[in-house]
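The next block is final_4.txt, given as compact mmCIF, C-alpha atoms.
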# COMPACT_ATOMS: atom_id res chain seq x y z
CA PRO A 1 -78.29 101.40 -85.54
CA LYS A 2 -75.92 100.72 -82.69
CA ALA A 3 -75.52 104.36 -81.71
CA GLY A 4 -76.98 107.04 -79.48
CA VAL A 5 -79.89 106.04 -77.25
CA HIS A 6 -80.20 102.73 -79.09
CA VAL A 7 -77.23 101.75 -76.90
CA GLU A 8 -78.06 101.05 -73.25
CA GLU A 9 -75.19 103.02 -71.74
CA SER A 10 -76.24 106.10 -73.72
CA ARG A 11 -79.68 105.95 -72.09
CA GLN A 12 -78.38 106.60 -68.60
CA PRO A 13 -79.41 109.89 -66.96
CA THR A 14 -76.83 112.61 -66.51
CA ILE A 15 -78.80 115.04 -64.33
CA ALA A 16 -81.34 114.55 -61.52
CA ILE A 17 -84.32 116.92 -61.42
CA ASP A 18 -86.02 116.73 -58.03
CA ALA A 19 -89.68 117.80 -57.85
CA THR A 20 -90.37 115.97 -54.58
CA LYS A 21 -90.62 119.02 -52.31
CA LEU A 22 -92.68 120.98 -54.84
CA ILE A 23 -95.18 118.13 -55.17
CA HIS A 24 -95.37 117.51 -51.41
CA ASP A 25 -95.69 121.16 -50.43
CA HIS A 26 -97.82 122.62 -53.22
CA ILE A 27 -99.53 119.88 -55.25
CA LEU A 28 -100.58 117.10 -52.87
CA PRO A 29 -102.31 119.50 -50.41
CA LYS A 30 -104.45 120.85 -53.26
CA ILE A 31 -105.45 117.31 -54.22
CA ARG A 32 -106.45 116.51 -50.63
CA ASP A 33 -108.21 119.80 -49.90
CA ASP A 34 -109.99 120.54 -53.15
CA MET A 35 -110.25 117.31 -55.11
CA CYS A 36 -113.31 118.20 -57.18
CA THR A 37 -111.95 121.50 -58.51
CA PHE A 38 -108.32 120.44 -58.70
CA GLU A 39 -109.05 117.22 -60.55
CA HIS A 40 -110.37 119.15 -63.54
CA GLY A 41 -107.38 121.48 -63.70
CA PHE A 42 -104.71 118.91 -62.94
CA ASP A 43 -103.96 118.17 -66.59
CA SER A 44 -102.18 121.51 -67.10
CA PHE A 45 -99.65 120.62 -64.39
CA PHE A 46 -98.02 118.03 -66.66
CA PRO A 47 -97.25 120.17 -69.72
CA ALA A 48 -96.08 122.98 -67.41
CA MET A 49 -93.75 120.55 -65.63
CA GLY A 50 -92.58 119.06 -68.92
CA TRP A 51 -91.61 122.54 -70.12
CA THR A 52 -89.90 123.21 -66.78
CA CYS A 53 -87.94 119.94 -66.71
CA GLY A 54 -86.83 120.36 -70.31
CA HIS A 55 -85.50 123.80 -69.45
CA LEU A 56 -83.72 122.53 -66.32
CA SER A 57 -82.21 119.44 -67.96
CA ASP A 58 -79.48 121.55 -69.60
CA GLY A 59 -79.11 119.20 -72.56
CA GLY A 60 -78.73 116.07 -70.47
CA ILE A 61 -80.99 113.05 -70.02
CA PRO A 62 -82.78 113.74 -66.73
CA LEU A 63 -83.93 111.46 -63.96
CA ILE A 64 -87.04 113.20 -62.63
CA LEU A 65 -87.93 112.57 -58.99
CA GLY A 66 -91.17 113.05 -57.06
CA PHE A 67 -93.92 112.21 -59.55
CA ASP A 68 -94.42 108.77 -58.01
CA PHE A 69 -96.00 110.49 -54.98
CA LEU A 70 -98.94 111.64 -57.11
CA PRO A 71 -102.06 109.47 -56.69
CA SER A 72 -102.27 108.73 -60.41
CA ILE A 73 -100.55 109.54 -63.70
CA SER A 74 -102.28 108.68 -66.97
CA SER A 75 -100.73 108.02 -70.36
CA ASP A 76 -102.30 111.31 -71.49
CA ASN A 77 -100.54 113.13 -68.63
CA LEU A 78 -97.21 111.67 -69.77
CA LYS A 79 -98.00 112.45 -73.41
CA ALA A 80 -98.56 116.11 -72.53
CA PHE A 81 -95.40 116.15 -70.39
CA CYS A 82 -93.32 114.66 -73.24
CA ALA A 83 -94.59 117.12 -75.85
CA ALA A 84 -93.75 120.12 -73.67
CA PHE A 85 -90.44 118.61 -72.54
CA GLY A 86 -89.37 118.37 -76.17
CA THR A 87 -89.85 122.10 -76.76
CA THR A 88 -87.24 123.18 -74.20
CA GLY A 89 -85.14 120.05 -73.67
CA SER A 90 -82.68 118.81 -76.29
CA ALA A 91 -82.37 115.35 -74.69
CA PRO A 92 -83.89 112.45 -76.64
CA LEU A 93 -85.58 110.95 -73.56
CA PHE A 94 -86.12 111.31 -69.83
CA HIS A 95 -86.60 108.92 -66.94
CA MET A 96 -89.24 109.45 -64.24
CA ALA A 97 -88.51 107.57 -61.03
CA ASP A 98 -90.95 104.68 -60.42
CA VAL A 99 -93.11 105.84 -63.35
CA THR A 100 -91.31 105.17 -66.65
CA PRO A 101 -90.30 101.58 -67.48
CA GLU A 102 -86.52 101.84 -67.17
CA ALA A 103 -86.60 103.68 -63.84
CA MET A 104 -88.49 101.22 -61.66
CA GLY A 105 -87.25 100.02 -58.28
CA ASP A 106 -85.02 101.44 -55.54
CA GLU A 107 -81.82 99.77 -56.73
CA VAL A 108 -82.25 100.94 -60.34
CA ILE A 109 -82.99 104.50 -59.21
CA LYS A 110 -79.98 104.43 -56.88
CA GLN A 111 -77.71 103.48 -59.79
CA MET A 112 -79.25 106.19 -61.95
CA LEU A 113 -78.55 108.77 -59.25
CA ILE A 114 -74.94 107.62 -59.18
CA SER A 115 -74.86 108.08 -62.96
CA CYS A 116 -75.98 111.70 -62.47
CA GLY A 117 -73.04 112.44 -60.18
CA ASP A 118 -73.29 115.86 -58.57
CA ARG A 119 -75.58 117.27 -61.27
CA ARG A 120 -78.80 117.74 -59.34
CA VAL A 121 -81.37 120.54 -59.44
CA GLU A 122 -84.54 121.11 -57.45
CA VAL A 123 -87.76 122.30 -59.10
CA THR A 124 -89.06 125.23 -57.08
CA LYS A 125 -92.45 126.89 -56.85
CA SER A 126 -90.89 129.87 -58.63
CA ASP A 127 -89.74 127.63 -61.50
CA LEU A 128 -93.23 126.26 -62.04
CA CYS A 129 -94.96 129.63 -61.74
CA ASN A 130 -92.51 131.05 -64.26
CA SER A 131 -93.38 128.23 -66.65
CA TYR A 132 -97.10 128.98 -66.39
CA GLU A 133 -96.47 132.68 -66.95
CA THR A 134 -94.23 132.00 -69.96
CA LEU A 135 -96.65 129.56 -71.57
CA ASP A 136 -99.53 131.96 -70.88
CA SER A 137 -97.69 134.65 -72.83
CA GLY A 138 -100.87 136.23 -74.23
CA ASN A 139 -102.09 137.26 -70.79
CA ASP A 140 -102.03 141.03 -71.21
CA GLY A 141 -105.16 141.90 -69.25
CA SER A 142 -107.74 141.10 -71.91
CA ASP A 143 -109.54 137.80 -71.35
CA ASP A 144 -111.33 137.48 -74.71
CA VAL A 145 -110.65 134.31 -76.71
CA SER A 146 -111.28 133.72 -80.43
CA LEU A 147 -110.04 130.15 -80.82
CA VAL A 148 -109.77 127.17 -78.49
CA ALA A 149 -107.08 124.86 -79.87
CA LEU A 150 -107.07 121.28 -78.55
CA GLY A 151 -105.16 118.19 -79.56
CA ASN A 152 -101.46 118.99 -79.69
CA PRO A 153 -100.42 116.21 -79.27
CA HIS A 154 -103.46 114.53 -80.80
CA LEU A 155 -106.42 113.80 -78.57
CA SER A 156 -106.90 110.25 -77.31
CA VAL A 157 -110.19 108.40 -76.91
CA GLN A 158 -110.00 109.09 -73.17
CA GLU A 159 -109.53 112.81 -73.78
CA LEU A 160 -112.52 112.84 -76.12
CA GLU A 161 -114.58 111.33 -73.29
CA GLN A 162 -113.27 113.86 -70.79
CA LEU A 163 -114.00 116.74 -73.15
CA THR A 164 -117.54 115.45 -73.72
CA THR A 165 -118.13 115.17 -69.97
CA LEU A 166 -116.88 118.70 -69.30
CA ILE A 167 -119.00 120.19 -72.08
CA ALA A 168 -122.09 118.37 -70.75
CA TYR A 169 -121.55 119.72 -67.22
CA ASP A 170 -124.05 122.50 -67.98
CA ASP A 171 -126.31 123.29 -70.92
CA ARG A 172 -124.67 126.52 -72.06
CA PRO A 173 -124.00 126.48 -75.81
CA LYS A 174 -120.72 127.29 -77.51
CA HIS A 175 -120.09 131.02 -77.75
CA GLU A 176 -120.96 132.18 -81.27
CA TYR A 177 -117.66 134.01 -81.77
CA VAL A 178 -115.34 131.27 -80.48
CA GLN A 179 -113.97 128.53 -82.71
CA VAL A 180 -113.25 125.20 -81.00
CA ILE A 181 -110.96 123.01 -83.07
CA ALA A 182 -109.31 119.73 -82.12
CA THR A 183 -106.78 117.63 -83.99
CA LEU A 184 -106.78 113.86 -83.64
CA GLY A 185 -105.98 110.73 -85.58
CA ARG A 186 -108.72 109.40 -87.83
CA HIS A 187 -108.54 106.00 -86.11
CA THR A 188 -109.15 107.69 -82.74
CA GLN A 189 -112.08 109.57 -84.20
CA GLU A 190 -113.55 106.29 -85.47
CA LEU A 191 -113.14 104.69 -82.03
CA GLY A 192 -114.41 107.64 -80.01
CA ASP A 193 -117.92 108.99 -79.65
CA THR A 194 -117.69 112.46 -81.20
CA GLN A 195 -121.34 113.15 -81.96
CA LYS A 196 -121.93 115.31 -78.86
CA LEU A 197 -118.71 117.23 -79.46
CA GLU A 198 -119.63 118.01 -83.05
CA SER A 199 -123.16 118.95 -82.02
CA PHE A 200 -121.67 121.42 -79.54
CA GLY A 201 -119.60 122.94 -82.34
CA VAL A 202 -116.19 121.30 -82.01
CA GLN A 203 -114.48 121.03 -85.40
CA LEU A 204 -112.35 117.89 -85.69
CA ILE A 205 -109.31 117.79 -87.99
CA ASN A 206 -107.34 114.66 -88.96
CA ASP A 207 -103.90 114.08 -90.44
CA THR A 208 -102.18 117.27 -89.33
CA CYS A 209 -101.22 119.11 -86.15
CA TRP A 210 -101.44 122.65 -84.88
CA CYS A 211 -97.86 123.41 -85.83
CA MET A 212 -98.93 123.03 -89.48
CA LEU A 213 -102.14 125.07 -89.17
CA LEU A 214 -100.92 128.59 -89.76
CA ASP A 215 -103.50 130.48 -91.78
CA PRO A 216 -107.16 131.57 -91.75
CA PRO A 217 -109.83 130.25 -91.61
CA ILE A 218 -108.28 127.92 -89.00
CA ILE A 219 -106.23 130.68 -87.38
CA PRO A 220 -108.29 133.81 -86.60
CA SER A 221 -107.78 136.47 -89.26
CA ASN A 222 -107.72 139.26 -86.68
CA PRO A 223 -104.03 139.84 -85.75
CA ASP A 224 -105.13 140.81 -82.23
CA ALA A 225 -107.09 137.58 -81.69
CA LYS A 226 -106.14 135.22 -78.88
CA ILE A 227 -105.81 131.46 -78.99
CA LEU A 228 -106.34 129.34 -75.87
CA THR A 229 -104.73 125.91 -75.65
CA ASN A 230 -104.11 123.25 -73.02
CA SER A 231 -100.95 122.18 -74.87
CA GLY A 232 -97.58 123.23 -73.51
CA LYS A 233 -96.09 122.47 -76.91
CA TYR A 234 -98.49 124.74 -78.79
CA ALA A 235 -98.29 127.44 -76.13
CA HIS A 236 -94.51 127.42 -76.71
CA TYR A 237 -94.48 127.38 -80.51
CA GLY A 238 -97.85 129.01 -81.30
CA PRO A 239 -96.97 132.71 -80.90
CA GLY A 240 -94.05 132.46 -83.33
CA LEU A 241 -95.91 130.24 -85.80
CA THR A 242 -99.16 132.18 -85.97
CA ASN A 243 -98.25 135.74 -84.95
CA ARG A 244 -101.22 135.58 -82.59
CA GLN A 245 -101.29 135.81 -78.82
CA VAL A 246 -101.61 132.46 -77.06
CA ARG A 247 -103.12 131.69 -73.65
CA PHE A 248 -102.47 128.48 -71.73
CA GLY A 249 -104.84 126.63 -69.41
CA SER A 250 -106.37 123.30 -68.47
CA MET A 251 -109.01 121.45 -70.45
CA ILE A 252 -111.73 122.82 -68.18
CA ASP A 253 -110.39 126.33 -68.84
CA CYS A 254 -110.74 125.59 -72.56
CA VAL A 255 -114.33 124.37 -72.17
CA GLU A 256 -115.29 127.39 -70.05
CA ALA A 257 -113.79 129.77 -72.61
CA SER A 258 -115.61 128.00 -75.43
CA LYS A 259 -118.89 128.86 -73.68
CA SER A 260 -118.14 132.28 -72.21
CA GLY A 261 -115.73 133.64 -74.79
CA LYS A 262 -113.25 134.46 -72.05
CA VAL A 263 -110.43 132.79 -70.16
CA LYS A 264 -110.13 133.49 -66.47
CA SER A 265 -106.78 135.16 -65.78
CA GLY A 266 -104.81 133.44 -63.05
CA GLY A 267 -107.58 130.92 -62.55
CA ASN A 268 -105.67 127.75 -63.34
CA SER A 269 -105.98 125.50 -60.31
CA SER A 270 -102.64 123.76 -60.91
CA VAL A 271 -100.59 126.92 -60.34
CA PRO A 272 -99.00 126.79 -56.87
CA GLN A 273 -100.32 129.52 -54.57
Would you write the structure of this file as structure tokens?
Amino acid sequence: PKAGVHVEESRQPTIAIDATKLIHDHILPKIRDDMCTFEHGFDSFFPAMGWTCGHLSDGGIPLILGFDFLPSISSDNLKAFCAAFGTTGSAPLFHMADVTPEAMGDEVIKQMLISCGDRRVEVTKSDLCNSYETLDSGNDGSDDVSLVALGNPHLSVQELEQLTTLIAYDDRPKHEYVQVIATLGRHTQELGDTQKLESFGVQLINDTCWCMLLDPPIIPSNPDAKILTNSGKYAHYGPGLTNRQVRFGSMIDCVEASKSGKVKSGGNSSVPQ
């Protein structure tokens, strides 16, 4: 249909969200100074920023600045950003300067900034910290975890490989009282090597997502149980959908909790200090 964002002029940004200073001051130094540790927690930065940018976009299509200074951005990073952006932002799309296809090149970005007019907001350290705290809403002092929920949005083949690598980092088994469940497409499961994950105790579910999984035995029957996820989308919707407390962390946080039964409060390496 020739309407809405199917029409080119309706795809133009109406607000600029500038994360340049935040990334330069608080993210890039952590990458340079602590690459090994930070690399494994970096994935949670994207859903947290997606949630933040959706909140700051105020209903408009945003042009997001600063992400092009990061050394790399994967399709899984953008997938996680998009899913979280959609929970707080009512816009049908966003543009990310020199990252997304329609926002490439200085002249294009210049025109997009003109389209935004005087609507411009800067993402601060406080904004991002608030996002982490809001998504980690189940952080009430108790670190016990009953369920690790992965795959919202669905896991990719690359994420299956990353999860396998993180689990194999040491030989500790899965904690006997922690469920580890991941949703993914059946085609992805056929393409990926899931044998080691299933041997560890990861339960794989096809053809549905966490927003449809609302009851025991998938959701812990104990009303005081806590669910840990690396998904900004599920961290946003999960408490209301399940009536359970939800914690938010990186994939390595999820793997650690699956082995120890606990999530480390305030230990996410992507949170600006």
If you count only C-alpha atoms, which residues fall within 12 Å of Leu113 of chain A, apart from same-chain ones fewer than 5 positions away, as a PyMOL selection string?
chain A and resi 12-18+61-65+95-97+103+106-108+118-120
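Between atom CA of Phe46 of chain A and atom CA of Tyr234 of chain A there is a distance of 13.9 Å.
Proximity of A:Glu256, A:Asp43, A:Asp207, A:Asp98 to Gly66 of chain A, computed with all atoms listed in the file, is greatest for A:Asp98.
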Expected residue set, 6 Å radius at (-109.9, 126.7, -74.5), only C-alpha atoms, as a PyMOL selection string
chain A and resi 148+228-229+253-255+257-258
Give the answer as one residue: which of A:Ser74, A:Thr20, A:Ser137, A:Thr87 has the shortest atom-to-atom distance to Phe248 of chain A, using all atoms listed in the file?
A:Ser137
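A straight line drawn from atom CA of Lys110 of chain A to atom CA of Ala19 of chain A is 16.5 Å long.
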Show which residues sit within 12 Å of Asp136 of chain A, as a ChimeraX atom specification. Count all atoms listed in the file, and ignore same-chain residues fewer than 5 positions away.
/A:44,48,129-131,141,143,226-239,245-250,263-268,271
Expressed in Å, the length from atom CA of Ser199 of chain A to atom CA of Asp76 of chain A is 24.6 Å
Given 5 Å on each side, where is the centre and what are the edge lengths in Å to one decimal of the axis-aligned box enclosing the listed atoms of segment 154-159 of chain A, as JSON?
{"center_x": -106.8, "center_y": 111.5, "center_z": -77.0, "size_x": 16.7, "size_y": 16.1, "size_z": 17.6}
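Comparing A:Glu122, A:Glu159, A:Asp215, A:Glu176 by their smallest distance to Ala80 of chain A, the closest is A:Glu159 (using all atoms listed in the file).
Nearest to Leu70 of chain A of all the residues A:Cys209, A:Leu241, A:Ala91, A:Val99 is A:Val99, counting all atoms listed in the file.
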Restore N, CA and C atoms in segment 161-173 of chain A and list the result as a CSV table (one decimal), in the coordinates of the input.
chain,number,residue,atom,x,y,z
A,161,GLU,N,-113.6,111.6,-74.3
A,161,GLU,CA,-114.6,111.3,-73.3
A,161,GLU,C,-114.6,112.4,-72.2
A,162,GLN,N,-113.4,112.8,-71.8
A,162,GLN,CA,-113.3,113.9,-70.8
A,162,GLN,C,-113.8,115.2,-71.3
A,163,LEU,N,-113.5,115.5,-72.5
A,163,LEU,CA,-114.0,116.7,-73.2
A,163,LEU,C,-115.5,116.7,-73.3
A,164,THR,N,-116.1,115.6,-73.6
A,164,THR,CA,-117.5,115.4,-73.7
A,164,THR,C,-118.2,115.6,-72.4
A,165,THR,N,-117.6,115.0,-71.3
A,165,THR,CA,-118.1,115.2,-70.0
A,165,THR,C,-118.1,116.6,-69.5
A,166,LEU,N,-117.0,117.3,-69.7
A,166,LEU,CA,-116.9,118.7,-69.3
A,166,LEU,C,-117.9,119.6,-70.0
A,167,ILE,N,-118.1,119.4,-71.3
A,167,ILE,CA,-119.0,120.2,-72.1
A,167,ILE,C,-120.4,120.0,-71.6
A,168,ALA,N,-120.7,118.7,-71.2
A,168,ALA,CA,-122.1,118.4,-70.8
A,168,ALA,C,-122.4,118.8,-69.3
A,169,TYR,N,-121.4,119.3,-68.6
A,169,TYR,CA,-121.6,119.7,-67.2
A,169,TYR,C,-122.7,120.7,-67.0
A,170,ASP,N,-122.9,121.6,-68.0
A,170,ASP,CA,-124.0,122.5,-68.0
A,170,ASP,C,-124.5,122.6,-69.4
A,171,ASP,N,-125.7,123.3,-69.6
A,171,ASP,CA,-126.3,123.3,-70.9
A,171,ASP,C,-126.0,124.6,-71.7
A,172,ARG,N,-125.0,125.3,-71.3
A,172,ARG,CA,-124.7,126.5,-72.1
A,172,ARG,C,-124.1,126.1,-73.4
A,173,PRO,N,-124.5,126.8,-74.5
A,173,PRO,CA,-124.0,126.5,-75.8
A,173,PRO,C,-122.6,127.1,-76.0
